[in-house]
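Enquirer: If it helps, the file is called data-v8.csv and holds CSV, C-alpha atoms and all ligand atoms:
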```csv
chain,number,residue,atom,x,y,z
A,236,MET,CA,11.2,14.1,-3.9
A,237,ARG,CA,14.9,14.9,-4.1
A,238,LEU,CA,16.5,16.0,-0.8
A,239,LYS,CA,17.3,19.6,-1.9
A,240,GLU,CA,13.8,20.1,-3.3
A,241,GLU,CA,12.3,18.6,-0.1
A,242,THR,CA,14.3,21.0,2.0
A,243,GLU,CA,13.2,24.0,-0.1
A,244,PHE,CA,9.6,22.8,-0.1
A,245,PHE,CA,9.7,22.6,3.7
A,246,GLU,CA,11.2,26.1,4.0
A,247,GLU,CA,8.7,27.6,1.7
A,248,GLU,CA,5.9,25.8,3.5
A,249,GLU,CA,7.1,27.2,6.9
A,250,GLU,CA,7.5,30.7,5.5
A,251,ARG,CA,4.1,30.6,4.0
A,252,GLU,CA,2.5,29.4,7.2
A,253,GLN,CA,4.2,32.3,9.1
A,254,SER,CA,3.3,34.9,6.4
A,255,MET,CA,-0.3,33.7,6.4
A,256,VAL,CA,-0.6,34.3,10.1
A,257,ALA,CA,1.1,37.7,9.9
A,258,HIS,CA,-0.9,39.1,7.0
A,259,LYS,CA,-4.2,37.2,7.3
A,260,PHE,CA,-3.9,36.6,3.5
A,261,SER,CA,-4.1,40.3,2.5
A,262,PRO,CA,-1.7,41.4,-0.2
A,263,GLN,CA,1.2,43.4,1.0
A,264,PRO,CA,1.1,47.0,0.0
A,265,MET,CA,4.3,46.9,-2.0
A,266,MET,CA,3.3,43.7,-3.8
A,267,LYS,CA,2.4,44.2,-7.5
A,268,GLY,CA,-0.4,42.2,-9.1
A,269,VAL,CA,-0.1,38.5,-9.4
A,270,VAL,CA,-0.1,36.9,-12.9
A,271,VAL,CA,-1.3,33.3,-13.1
A,272,GLY,CA,-0.7,31.5,-16.4
A,273,TYR,CA,-3.0,28.5,-16.9
A,274,ALA,CA,-2.7,25.6,-19.2
A,275,LEU,CA,-5.9,23.5,-18.7
A,276,THR,CA,-8.3,21.5,-20.8
A,277,SER,CA,-11.5,23.3,-21.9
A,278,LYS,CA,-13.5,21.1,-19.5
A,279,LYS,CA,-11.3,22.2,-16.6
A,280,ILE,CA,-11.4,25.9,-17.6
A,281,LYS,CA,-15.2,25.6,-17.6
A,282,SER,CA,-15.5,24.0,-14.2
A,283,PHE,CA,-12.6,25.8,-12.5
A,284,LEU,CA,-12.3,29.3,-14.0
A,285,GLN,CA,-15.8,30.4,-13.2
A,286,PRO,CA,-16.7,34.1,-13.2
A,287,LYS,CA,-16.9,34.2,-9.4
A,288,LEU,CA,-13.3,33.0,-9.1
A,289,GLU,CA,-12.0,35.4,-11.7
A,290,GLY,CA,-14.0,38.3,-10.2
A,291,LEU,CA,-12.7,37.6,-6.7
A,292,ALA,CA,-9.2,37.1,-8.0
A,293,ARG,CA,-9.3,40.4,-9.8
A,294,ASN,CA,-10.3,42.2,-6.6
A,295,LYS,CA,-7.3,40.6,-4.8
A,296,GLY,CA,-4.9,41.7,-7.6
A,297,ILE,CA,-4.7,38.3,-9.3
A,298,LEU,CA,-5.0,38.0,-13.1
A,299,PHE,CA,-5.5,34.7,-14.9
A,300,VAL,CA,-3.9,34.5,-18.3
A,301,ALA,CA,-4.4,31.6,-20.8
A,302,ILE,CA,-1.1,29.9,-21.9
A,303,ASP,CA,-0.7,29.1,-25.6
A,304,GLN,CA,0.7,25.6,-25.5
A,305,HIS,CA,2.2,25.9,-29.0
A,306,ARG,CA,4.2,29.1,-28.3
A,307,PRO,CA,7.4,29.2,-26.2
A,308,LEU,CA,6.5,29.8,-22.5
A,309,SER,CA,9.3,32.3,-22.1
A,310,ASP,CA,7.7,34.5,-24.7
A,311,GLN,CA,4.5,34.6,-22.7
A,312,GLY,CA,3.7,36.2,-19.4
A,313,PRO,CA,5.8,37.0,-17.4
A,314,PHE,CA,4.0,34.8,-14.9
A,315,ASP,CA,4.3,34.6,-11.1
A,316,ILE,CA,2.5,31.2,-11.1
A,317,VAL,CA,1.8,28.6,-13.7
A,318,LEU,CA,-1.2,26.3,-13.1
A,319,HIS,CA,-1.5,23.3,-15.4
A,320,LYS,CA,-3.2,20.0,-16.0
A,321,LEU,CA,-2.5,18.9,-19.6
A,322,SER,CA,-1.2,15.4,-20.6
A,323,GLY,CA,1.7,14.4,-22.8
A,324,LYS,CA,5.4,13.8,-22.5
A,325,GLU,CA,6.3,16.8,-24.7
A,326,TRP,CA,4.3,19.2,-22.6
A,327,ARG,CA,5.9,17.8,-19.4
A,328,GLN,CA,9.3,18.4,-20.9
A,329,ILE,CA,8.4,22.0,-21.8
A,330,LEU,CA,7.3,22.6,-18.2
A,331,GLU,CA,10.3,21.0,-16.8
A,332,ASP,CA,12.6,23.1,-18.9
A,333,TYR,CA,10.7,26.3,-18.0
A,334,ARG,CA,11.1,25.4,-14.3
A,335,GLN,CA,14.8,25.2,-14.7
A,336,THR,CA,15.1,28.4,-16.7
A,337,HIS,CA,12.6,30.4,-14.6
A,338,PRO,CA,13.2,29.5,-10.9
A,339,GLU,CA,11.3,32.7,-9.9
A,340,VAL,CA,8.0,31.2,-11.2
A,341,THR,CA,6.0,28.7,-9.1
A,342,VAL,CA,4.9,25.9,-11.3
A,343,LEU,CA,1.9,24.1,-9.7
A,344,ASP,CA,2.8,21.4,-9.4
A,345,PRO,CA,6.2,19.9,-10.6
A,346,PRO,CA,5.5,17.5,-13.5
A,347,ASP,CA,7.6,14.7,-12.1
A,348,ALA,CA,5.8,14.8,-8.7
A,349,ILE,CA,2.4,14.5,-10.6
A,350,GLN,CA,3.7,11.4,-12.4
A,351,GLN,CA,3.6,9.4,-9.2
A,352,VAL,CA,-0.2,9.8,-8.9
A,353,HIS,CA,-0.8,9.1,-12.6
A,354,ASN,CA,0.1,5.4,-12.0
A,355,ARG,CA,-2.0,3.4,-9.5
A,356,GLN,CA,1.0,1.1,-8.7
A,357,PHE,CA,2.7,4.1,-7.0
A,358,MET,CA,-0.2,6.5,-6.3
A,359,LEU,CA,-0.9,5.2,-2.7
A,360,GLN,CA,2.7,4.2,-1.8
A,361,GLU,CA,3.3,7.3,0.4
A,362,VAL,CA,0.1,6.6,2.3
A,363,ALA,CA,1.2,3.0,2.9
A,364,ASP,CA,4.7,4.2,4.0
A,365,LEU,CA,3.3,6.8,6.3
A,366,ASN,CA,1.3,4.1,8.2
A,367,LEU,CA,-0.6,6.8,10.0
A,368,SER,CA,-2.1,5.7,13.3
A,369,ASP,CA,-3.0,7.8,16.3
A,370,ALA,CA,-5.8,8.3,18.9
A,371,TYR,CA,-8.1,9.5,16.1
A,372,GLY,CA,-7.8,6.4,13.9
A,373,THR,CA,-5.6,4.6,11.4
A,374,VAL,CA,-5.1,5.4,7.7
A,375,GLY,CA,-4.0,2.6,5.4
A,376,VAL,CA,-4.5,1.5,1.8
A,377,PRO,CA,-6.3,-1.7,0.6
A,378,ARG,CA,-4.0,-4.6,-0.4
A,379,GLN,CA,-3.4,-4.6,-4.1
A,380,LEU,CA,-1.6,-6.4,-6.9
A,381,VAL,CA,-0.3,-5.1,-10.2
A,382,ILE,CA,-0.9,-7.1,-13.4
A,383,LYS,CA,1.2,-5.8,-16.2
A,384,LYS,CA,0.3,-8.4,-18.9
A,385,ASP,CA,-1.0,-12.0,-19.5
A,386,PRO,CA,-4.6,-12.0,-18.2
A,387,ALA,CA,-4.5,-15.8,-18.0
A,388,SER,CA,-2.1,-15.6,-15.1
A,389,ILE,CA,-4.4,-13.5,-12.9
A,390,PRO,CA,-6.2,-16.2,-11.0
A,391,ASP,CA,-3.0,-17.8,-10.0
A,392,ALA,CA,-1.4,-14.4,-9.1
A,393,VAL,CA,-4.4,-13.5,-6.9
A,394,ASN,CA,-4.2,-16.8,-5.1
A,395,LYS,CA,-0.4,-16.5,-4.5
A,396,ALA,CA,-0.8,-12.9,-3.2
A,397,GLY,CA,-3.6,-14.1,-0.9
A,398,LEU,CA,-6.0,-11.3,-2.0
A,399,ARG,CA,-9.5,-11.5,-0.7
A,400,LEU,CA,-12.5,-11.2,-3.0
A,401,PRO,CA,-14.3,-9.1,-4.2
A,402,LEU,CA,-11.7,-7.2,-6.0
A,403,VAL,CA,-11.8,-3.8,-7.7
A,404,SER,CA,-10.0,-3.8,-11.1
A,405,LYS,CA,-8.6,-0.3,-12.0
A,406,PRO,CA,-6.6,0.7,-15.1
A,407,LEU,CA,-2.9,1.1,-14.1
A,408,VAL,CA,-2.4,4.5,-15.8
A,409,VAL,CA,-4.5,7.6,-14.9
A,410,ASP,CA,-4.1,9.9,-17.9
A,411,GLY,CA,-7.2,11.9,-17.8
A,412,SER,CA,-9.0,9.7,-20.4
A,413,ALA,CA,-12.4,8.2,-19.7
A,414,LYS,CA,-10.8,4.8,-20.1
A,415,SER,CA,-8.6,5.4,-17.0
A,416,HIS,CA,-11.8,5.6,-15.0
A,417,GLU,CA,-13.4,2.3,-16.3
A,418,LEU,CA,-13.4,0.2,-13.2
A,419,SER,CA,-14.9,-3.3,-12.5
A,420,LEU,CA,-15.8,-5.3,-9.5
A,421,ALA,CA,-14.9,-9.0,-9.6
A,422,TYR,CA,-16.7,-11.6,-7.5
A,423,ASP,CA,-14.6,-14.6,-8.5
A,424,GLN,CA,-11.0,-14.8,-9.5
A,425,TYR,CA,-11.5,-16.9,-12.7
A,426,SER,CA,-13.6,-14.2,-14.4
A,427,LEU,CA,-10.7,-11.8,-14.0
A,428,GLN,CA,-9.1,-13.4,-17.0
A,429,ILE,CA,-11.4,-11.3,-19.3
A,430,LEU,CA,-9.9,-8.1,-18.1
A,431,GLU,CA,-7.3,-6.1,-20.1
A,432,PRO,CA,-4.0,-5.4,-18.3
A,433,PRO,CA,-2.1,-3.3,-17.4
A,434,LEU,CA,-4.3,-3.0,-14.2
A,435,VAL,CA,-4.3,-2.9,-10.5
A,436,LEU,CA,-6.5,-5.4,-8.5
A,437,GLN,CA,-7.5,-3.9,-5.2
A,438,GLU,CA,-9.4,-5.5,-2.3
A,439,PHE,CA,-12.9,-4.1,-2.0
A,440,VAL,CA,-13.5,-2.6,1.4
A,441,ASN,CA,-17.1,-2.4,2.7
A,442,HIS,CA,-17.7,1.2,3.7
A,443,GLY,CA,-21.5,1.6,3.9
A,444,GLY,CA,-21.8,3.2,0.4
A,445,VAL,CA,-20.3,6.6,1.4
A,446,LEU,CA,-16.9,8.0,0.7
A,447,PHE,CA,-15.1,11.2,1.7
A,448,LYS,CA,-13.4,13.5,-0.8
A,449,VAL,CA,-10.7,15.5,0.9
A,450,TYR,CA,-9.7,18.4,-1.2
A,451,VAL,CA,-6.2,19.9,-0.5
A,452,VAL,CA,-5.1,23.4,-1.6
A,453,GLY,CA,-1.8,24.1,0.0
A,454,GLU,CA,-2.5,24.1,3.7
A,455,ALA,CA,-6.3,24.3,3.4
A,456,ILE,CA,-8.5,21.2,3.4
A,457,LYS,CA,-12.2,20.7,2.7
A,458,VAL,CA,-14.1,17.4,3.0
A,459,VAL,CA,-17.3,16.4,1.2
A,460,ARG,CA,-19.4,13.3,1.2
A,461,ARG,CA,-20.2,11.3,-1.9
A,462,PHE,CA,-22.2,8.2,-2.5
A,463,SER,CA,-20.1,5.2,-3.4
A,464,LEU,CA,-20.5,1.4,-4.2
A,465,PRO,CA,-22.8,-0.4,-1.7
A,466,ASP,CA,-21.3,-3.1,0.6
A,467,VAL,CA,-21.0,-6.6,-0.6
A,468,SER,CA,-22.3,-9.2,1.9
A,469,LYS,CA,-20.8,-12.7,2.4
A,470,ARG,CA,-23.9,-14.1,0.9
A,471,GLU,CA,-23.7,-12.0,-2.2
A,472,LEU,CA,-20.1,-13.0,-2.6
A,473,SER,CA,-20.9,-16.7,-2.4
A,474,THR,CA,-23.8,-16.5,-4.8
A,475,ASN,CA,-22.5,-14.0,-7.3
A,476,ALA,CA,-19.8,-14.7,-10.0
A,477,GLY,CA,-18.4,-12.6,-12.8
A,478,VAL,CA,-16.9,-9.2,-13.4
A,479,PHE,CA,-19.1,-6.1,-13.5
A,480,ARG,CA,-18.1,-2.8,-15.0
A,481,PHE,CA,-19.4,0.0,-12.8
A,482,PRO,CA,-19.9,3.7,-13.7
A,483,ARG,CA,-18.4,6.7,-12.0
A,484,VAL,CA,-20.3,6.1,-8.8
A,485,SER,CA,-18.9,8.9,-6.8
A,486,CYS,CA,-19.1,11.8,-9.3
A,487,ALA,CA,-20.4,15.2,-8.2
A,488,ALA,CA,-24.0,14.2,-8.9
A,489,ALA,CA,-23.7,11.7,-6.1
A,490,SER,CA,-23.2,14.2,-3.3
A,491,ALA,CA,-24.2,12.7,0.0
A,492,ASP,CA,-23.8,15.8,2.0
A,493,ASP,CA,-27.5,16.4,2.6
A,494,ALA,CA,-28.5,12.7,2.9
A,495,ASP,CA,-29.9,11.3,6.1
A,496,LEU,CA,-27.1,8.9,6.9
A,497,ASP,CA,-26.3,6.5,9.8
A,498,PRO,CA,-23.8,8.5,11.8
A,499,GLY,CA,-21.5,5.4,11.9
A,500,ILE,CA,-21.2,5.8,8.1
A,501,GLY,CA,-21.7,9.4,7.4
A,502,GLU,CA,-19.7,11.1,10.2
A,503,LEU,CA,-16.7,12.9,8.7
A,504,PRO,CA,-13.2,11.5,9.5
A,505,PRO,CA,-11.7,13.4,12.5
A,506,ARG,CA,-10.3,16.7,11.4
A,507,PRO,CA,-6.9,16.3,13.2
A,508,LEU,CA,-6.3,13.0,11.4
A,509,LEU,CA,-7.1,14.5,8.0
A,510,GLU,CA,-4.8,17.6,8.8
A,511,ARG,CA,-2.0,15.3,9.6
A,512,LEU,CA,-2.5,13.1,6.6
A,513,ALA,CA,-2.8,16.0,4.2
A,514,LYS,CA,0.3,17.7,5.7
A,515,GLU,CA,2.4,14.6,5.4
A,516,LEU,CA,1.2,13.8,1.9
A,517,ARG,CA,1.8,17.3,0.7
A,518,ARG,CA,5.4,17.0,1.7
A,519,ARG,CA,6.0,13.4,0.6
A,520,LEU,CA,4.3,13.7,-2.7
A,521,GLY,CA,5.6,17.3,-3.3
A,522,LEU,CA,2.1,18.3,-4.4
A,523,ARG,CA,0.0,21.2,-3.3
A,524,LEU,CA,-3.1,20.6,-5.4
A,525,PHE,CA,-4.8,17.2,-5.0
A,526,ASN,CA,-7.7,15.3,-3.5
A,527,LEU,CA,-8.0,12.0,-1.7
A,528,ASP,CA,-10.8,9.5,-1.8
A,529,ILE,CA,-11.1,8.1,1.7
A,530,ILE,CA,-13.4,5.4,3.0
A,531,ARG,CA,-14.2,4.2,6.6
A,532,GLU,CA,-14.3,0.4,6.9
A,533,HIS,CA,-17.9,-0.4,7.8
A,534,GLY,CA,-18.4,-1.3,11.4
A,535,THR,CA,-15.2,0.4,12.6
A,536,ARG,CA,-15.0,3.9,14.1
A,537,GLY,CA,-11.6,4.9,13.0
A,538,ARG,CA,-10.2,2.5,10.4
A,539,PHE,CA,-9.8,4.5,7.2
A,540,TYR,CA,-8.4,3.7,3.7
A,541,VAL,CA,-7.2,6.0,1.0
A,542,ILE,CA,-8.3,4.5,-2.3
A,543,ASP,CA,-7.5,7.2,-4.8
A,544,ILE,CA,-5.4,10.4,-5.2
A,545,ASN,CA,-6.2,12.9,-7.9
A,546,TYR,CA,-4.0,15.7,-9.1
A,547,PHE,CA,-5.8,19.1,-9.6
A,548,PRO,CA,-9.3,17.6,-9.1
A,549,GLY,CA,-12.6,19.3,-9.7
A,550,TYR,CA,-12.2,22.2,-7.3
A,551,GLY,CA,-15.3,23.8,-8.7
A,552,LYS,CA,-17.2,21.3,-6.4
A,553,MET,CA,-15.2,22.2,-3.3
A,554,PRO,CA,-17.2,24.6,-1.0
A,555,GLU,CA,-15.7,28.1,-0.9
A,556,TYR,CA,-13.0,27.2,-3.4
A,557,GLU,CA,-12.9,30.7,-4.8
A,558,HIS,CA,-11.7,32.2,-1.5
A,559,ILE,CA,-9.4,29.3,-0.6
A,560,PHE,CA,-7.8,29.2,-4.0
A,561,THR,CA,-7.2,32.9,-4.3
A,562,ASP,CA,-5.8,33.1,-0.7
A,563,PHE,CA,-3.5,30.2,-1.6
A,564,LEU,CA,-2.2,31.9,-4.7
A,565,LEU,CA,-1.5,35.1,-2.8
A,566,SER,CA,0.3,33.3,0.0
A,567,LEU,CA,2.6,31.6,-2.5
A,568,VAL,CA,3.7,34.9,-4.0
A,569,GLN,CA,4.0,36.6,-0.6
A,570,SER,CA,6.4,33.9,0.7
A,571,ARG,CA,8.5,34.2,-2.5
A,572,TYR,CA,8.5,38.0,-2.2
A,573,LYS,CA,9.6,37.8,1.4
A,574,LYS,CA,12.3,35.4,0.6
A,575,ARG,CA,13.7,37.6,-2.1
A,576,ALA,CA,13.5,40.7,0.1
A,577,SER,CA,15.4,39.0,3.0
A,578,LYS,CA,18.3,37.9,0.7
A,579,PRO,CA,21.4,39.9,1.3
A,580,VAL,CA,22.3,42.3,-1.5
A,581,GLU,CA,25.4,41.1,-3.3
A,582,GLU,CA,28.5,43.3,-3.1
A,583,PRO,CA,29.6,44.6,-6.5
A,584,VAL,CA,32.9,43.0,-7.7
A,585,ARG,CA,35.6,45.7,-7.7
B,1,LIG,O1,-14.3,16.4,-14.0
B,1,LIG,P1,-14.5,16.7,-12.5
B,1,LIG,O2,-14.6,18.2,-12.2
B,1,LIG,O3,-15.5,15.8,-11.8
B,1,LIG,O4,-13.0,16.4,-11.9
B,1,LIG,C1,-12.5,15.1,-12.0
B,1,LIG,C2,-12.3,14.5,-10.6
B,1,LIG,O5,-13.5,14.5,-9.9
B,1,LIG,P2,-13.6,14.9,-8.4
B,1,LIG,O6,-13.1,16.3,-8.2
B,1,LIG,O7,-12.7,14.0,-7.6
B,1,LIG,O8,-15.0,14.7,-8.1
B,1,LIG,C3,-11.7,13.1,-10.8
B,1,LIG,O9,-11.6,12.4,-9.5
B,1,LIG,P3,-12.0,10.8,-9.4
B,1,LIG,O10,-10.8,10.2,-10.1
B,1,LIG,O11,-13.3,10.6,-10.1
B,1,LIG,O12,-12.1,10.5,-8.0
B,1,LIG,C4,-10.4,13.2,-11.4
B,1,LIG,O13,-9.5,14.0,-10.7
B,1,LIG,C5,-10.5,13.8,-12.8
B,1,LIG,O14,-9.3,14.0,-13.4
B,1,LIG,P4,-8.6,12.9,-14.3
B,1,LIG,O15,-9.6,12.4,-15.3
B,1,LIG,O16,-8.2,11.8,-13.4
B,1,LIG,O17,-7.4,13.6,-14.9
B,1,LIG,C6,-11.2,15.2,-12.7
B,1,LIG,O18,-11.4,15.6,-14.1
B,1,LIG,P5,-10.8,16.9,-14.7
B,1,LIG,O19,-11.8,18.0,-14.4
B,1,LIG,O20,-9.5,17.2,-14.2
B,1,LIG,O21,-10.9,16.6,-16.2
B,2,LIG,N1,-10.8,-0.6,-2.6
B,2,LIG,C1,-12.1,-0.1,-2.7
B,2,LIG,N2,-13.0,-0.5,-1.9
B,2,LIG,C2,-14.3,0.0,-2.0
B,2,LIG,N3,-14.7,0.8,-3.0
B,2,LIG,C3,-13.8,1.2,-3.9
B,2,LIG,C4,-12.4,0.8,-3.8
B,2,LIG,N4,-11.8,1.3,-4.8
B,2,LIG,C5,-12.6,2.1,-5.5
B,2,LIG,N5,-13.9,2.0,-5.0
B,2,LIG,C6,-15.1,2.7,-5.5
B,2,LIG,O1,-14.9,3.0,-6.8
B,2,LIG,C7,-14.8,4.4,-7.1
B,2,LIG,C8,-13.8,4.7,-8.1
B,2,LIG,O2,-12.5,4.3,-7.7
B,2,LIG,P1,-11.2,5.2,-7.7
B,2,LIG,O3,-10.1,4.4,-7.3
B,2,LIG,O4,-11.6,6.4,-6.9
B,2,LIG,O5,-11.1,5.5,-9.3
B,2,LIG,P2,-11.2,6.9,-10.1
B,2,LIG,O6,-9.8,7.4,-10.2
B,2,LIG,O7,-11.7,6.5,-11.4
B,2,LIG,O8,-12.0,7.8,-9.3
B,2,LIG,C9,-14.5,5.0,-5.7
B,2,LIG,O9,-14.9,6.3,-5.7
B,2,LIG,C10,-15.3,4.1,-4.8
B,2,LIG,O10,-16.7,4.4,-4.9
B,3,MG,MG,-11.8,8.5,-7.3
B,4,MG,MG,-9.0,9.2,-9.5
```
Rewrite the structure from the file as structure tokens, please.

Expert:
Amino acid sequence: MRLKEETEFFEEEEEREQSMVAHKFSPQPMMKGVVVGYALTSKKIKSFLQPKLEGLARNKGILFVAIDQHRPLSDQGPFDIVLHKLSGKEWRQILEDYRQTHPEVTVLDPPDAIQQVHNRQFMLQEVADLNLSDAYGTVGVPRQLVIKKDPASIPDAVNKAGLRLPLVSKPLVVDGSAKSHELSLAYDQYSLQILEPPLVLQEFVNHGGVLFKVYVVGEAIKVVRRFSLPDVSKRELSTNAGVFRFPRVSCAAASADDADLDPGIGELPPRPLLERLAKELRRRLGLRLFNLDIIREHGTRGRFYVIDINYFPGYGKMPEYEHIFTDFLLSLVQSRYKKRASKPVEEPVR
């Protein structure tokens, strides 16, 4: 993030924290209704804009209005907040222009900040730089290598980088397409030549087949358990060869929240560690709506890895998302409102 934006982001965050404590999320009496424009795919509208969310929002004075992508944004609304998750360079530019010409509107989130998590080369960089380590544990990222082209060079590149097998191959770009979620597990480096760059090769970390999805909505976080890929033993590694495509193992259908799990595997990561991680990432990434896929290295108590960050994920699967999301929207407008109210009135020029 640029320095000015970072400072503003910080100030807004602080004000919002204070305003939330002071008002316990209730709308201020003098605050008018909140209009939230949304530009989302039909899949997202179905999973996110559920009747319960719209009903609760209406009771709190929040109105969701569909944005027509093909009409000028300035002719629509007026909006207090714009929620979006659509792809394409043109749309990004439209949003960026709108942000410049309508600084009074909160665009969730800034398009250039989202770009960082749409590329797996840069997605985890902030987690790596943060290098979080405290009494509750450590949070890192698996070692990885970016392959832009020439699949024949992969075995050599893997050797040179000293990456340990097995490796997870992930498409470099995350653009919302099904293809960007087509992952493979490689047991030997020679088979990697059949893969199609651009891609990222990431060391597979044994984690007992369970992962944690940490949903972030502004300052709020919620964690759920999902089933994931099983561990790969040394024996399997020495006897197996080849590259295996694997399906979306940790989709919603694979909830592990009610499973009878070994506590060493299923115990949620310590809350203070997640709070710190989410707070730092919110600031560093300049995002307020995202989730993290986190795994705990099997056999350790506190060695965690972030393996994926998703912008505006499937909040429909986050427990209590309706309350959390509407409170968040209100807190955004309240802090803006307070900011405007506390600005000194300009003297008229005589
Ligand atoms: O489809 P859903 O509701 O499972 O949500 C997907 C997310 O699932 P999750 O909330 O993490 O379980 C999903 O997360 P994963 O990458 O599967 O961890 C993505 O965020 C996906 O968006 P995109 O395809 O990367 O643009 C999300 O898809 P969109 O809803 O944004 O299309
Ligand atoms: N480095 C890794 N070690 C162990 N398992 C992994 C690793 N990377 C991915 N996985 C498994 O593959 C799944 C999908 O990978 P992820 O990076 O989250 O891609 P996507 O963006 O498609 O969700 C994860 O949810 C997890 O089950
Ligand atoms: Mg994922
Ligand atoms: Mg993802």

Enquirer: Which is closest to Leu400 in chain A among A:Glu471, A:Glu431, A:Glu361, A:Glu454, if we use all atoms listed in the file?

Expert: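 That would be A:Glu471, the residue with the smallest distance to Leu400 in chain A.
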
Enquirer: Tell me which of A:Ile542, A:Ala301, A:Ile329, A:Leu418 sits closest to Pro346 in chain A, counting only C-alpha atoms.

Expert: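 With only C-alpha atoms as the atom set, the closest residue is A:Ile329.
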
Enquirer: Can I get the residues close to ligand MG 3 (chain B) as a ChimeraX atom specification, where close means within 9 Å and we count all atoms listed in the file?

Expert: /A:416,448,483-486,526-528,542-545

Enquirer: May I ask which of the residues A:Pro313, A:Pro504, A:Pro433, A:Pro482 is the closest one to ligand LIG 1 (chain B), counting only C-alpha atoms and all ligand atoms?

Expert: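 Checking each candidate against ligand LIG 1 (chain B), we get A:Pro482 as the closest.
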
Enquirer: Could you build a table of the residues in range 526-571 of chain A lying no more than 6 Å from range 364-385 of chain A, giving for each the nearest pair of atoms and their separation in Å rounded to one decimal place, using all atoms listed in the file, ordered by chain and ascending residue number, as JSON lines?

Expert:
```
{"residue": "A:Gly537", "atom": "CA", "partner": "A:Gly372", "partner_atom": "CA", "distance": 4.2}
{"residue": "A:Arg538", "atom": "CA", "partner": "A:Thr373", "partner_atom": "CA", "distance": 5.2}
{"residue": "A:Phe539", "atom": "CA", "partner": "A:Val374", "partner_atom": "CA", "distance": 4.8}
{"residue": "A:Tyr540", "atom": "CA", "partner": "A:Gly375", "partner_atom": "CA", "distance": 4.8}
{"residue": "A:Val541", "atom": "CA", "partner": "A:Val376", "partner_atom": "CA", "distance": 5.3}
```

Enquirer: In Å, how far is it from CA of Arg531 in chain A to CA of His442 in chain A?

Expert: 5.4 Å

Enquirer: Residues of chain A within 9 Å of ligand LIG 1 (chain B): nearest atom pair and distance (Å, one decimal) for each, counting only C-alpha atoms and all ligand atoms, sorted by chain and number, as CSV?

Expert:
```
residue,atom,partner,partner_atom,distance
A:Leu275,CA,B:LIG1,O20,8.5
A:Thr276,CA,B:LIG1,O21,7.2
A:Ser277,CA,B:LIG1,O21,8.8
A:Lys278,CA,B:LIG1,O21,6.2
A:Lys279,CA,B:LIG1,O19,4.8
A:Ile280,CA,B:LIG1,O19,8.5
A:Lys281,CA,B:LIG1,O19,8.9
A:Ser282,CA,B:LIG1,O2,6.2
A:Phe283,CA,B:LIG1,O2,7.9
A:Lys320,CA,B:LIG1,O20,7.1
A:Leu321,CA,B:LIG1,O17,8.6
A:Ser322,CA,B:LIG1,O17,8.6
A:His353,CA,B:LIG1,O16,7.9
A:Val409,CA,B:LIG1,O16,5.8
A:Asp410,CA,B:LIG1,O17,5.8
A:Gly411,CA,B:LIG1,O17,3.4
A:Ser412,CA,B:LIG1,O15,5.8
A:Ala413,CA,B:LIG1,O15,6.7
A:Ser415,CA,B:LIG1,O15,7.3
A:His416,CA,B:LIG1,O10,6.8
A:Lys448,CA,B:LIG1,O7,6.9
A:Val449,CA,B:LIG1,O7,8.9
A:Tyr450,CA,B:LIG1,O6,8.1
A:Arg461,CA,B:LIG1,O8,8.8
A:Arg483,CA,B:LIG1,O11,6.7
A:Val484,CA,B:LIG1,O11,8.4
A:Ser485,CA,B:LIG1,O11,6.7
A:Cys486,CA,B:LIG1,O8,5.2
A:Ala487,CA,B:LIG1,O8,5.4
A:Phe525,CA,B:LIG1,O13,8.1
A:Asn526,CA,B:LIG1,O7,6.6
A:Leu527,CA,B:LIG1,O12,7.7
A:Asp528,CA,B:LIG1,O12,6.4
A:Asp543,CA,B:LIG1,O12,6.5
A:Ile544,CA,B:LIG1,O12,7.3
A:Asn545,CA,B:LIG1,O13,4.5
A:Tyr546,CA,B:LIG1,O13,6.0
A:Phe547,CA,B:LIG1,O20,6.2
A:Pro548,CA,B:LIG1,O13,3.9
A:Gly549,CA,B:LIG1,O2,3.4
A:Tyr550,CA,B:LIG1,O6,6.0
A:Gly551,CA,B:LIG1,O2,6.6
A:Lys552,CA,B:LIG1,O6,6.7
A:Met553,CA,B:LIG1,O6,8.0
```

Enquirer: Can you tell me, as a list in words, which residues sit within 10 Å of (-9.5, 37.7, -10.0) in the file's frame, using all atoms listed in the file?

Expert: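 Those within range, by chain then number, are Val269, Val270, Val271, Leu284, Pro286, Lys287, Leu288, Glu289, Gly290, Leu291, Ala292, Arg293, Asn294, Lys295, Gly296, Ile297, Leu298, Phe299, Glu557 and Thr561 of chain A.
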
Enquirer: Considering all atoms listed in the file, can you say which of A:Gly521, A:Pro406, A:Gly444, A:Pro432 comes closest to ligand MG 4 (chain B)?

Expert: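 When distances to ligand MG 4 (chain B) are compared using all atoms listed in the file, the smallest one comes from A:Pro406.
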
Enquirer: Counting all atoms listed in the file, which of A:Tyr422, A:Ala494, A:Val403, A:Leu430 gets nearest to Ser473 in chain A?

Expert: A:Tyr422

Enquirer: For each of A:Val393, A:Val451, A:Val342, A:Ile429, take the minimum atom-to-atom distance to Ile316 in chain A, counting only C-alpha atoms, then give the residue where this is smallest.

Expert: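 Using only C-alpha atoms, Ile316 in chain A sits closest to A:Val342.
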
Enquirer: Just the number, please: distance in Å from CA of Val340 in chain A to CA of Val317 in chain A, one decimal.

Expert: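 Computing it gives 7.2 Å between the two atoms.
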
Enquirer: If we count all atoms listed in the file, what is near Leu512 in chain A at a cut-off of 9 Å, once residues fewer than 2 positions away on the same chain are taken out, given as a PyMOL selection string?

Expert: chain A and resi 362+365+367+374+507-510+514-517
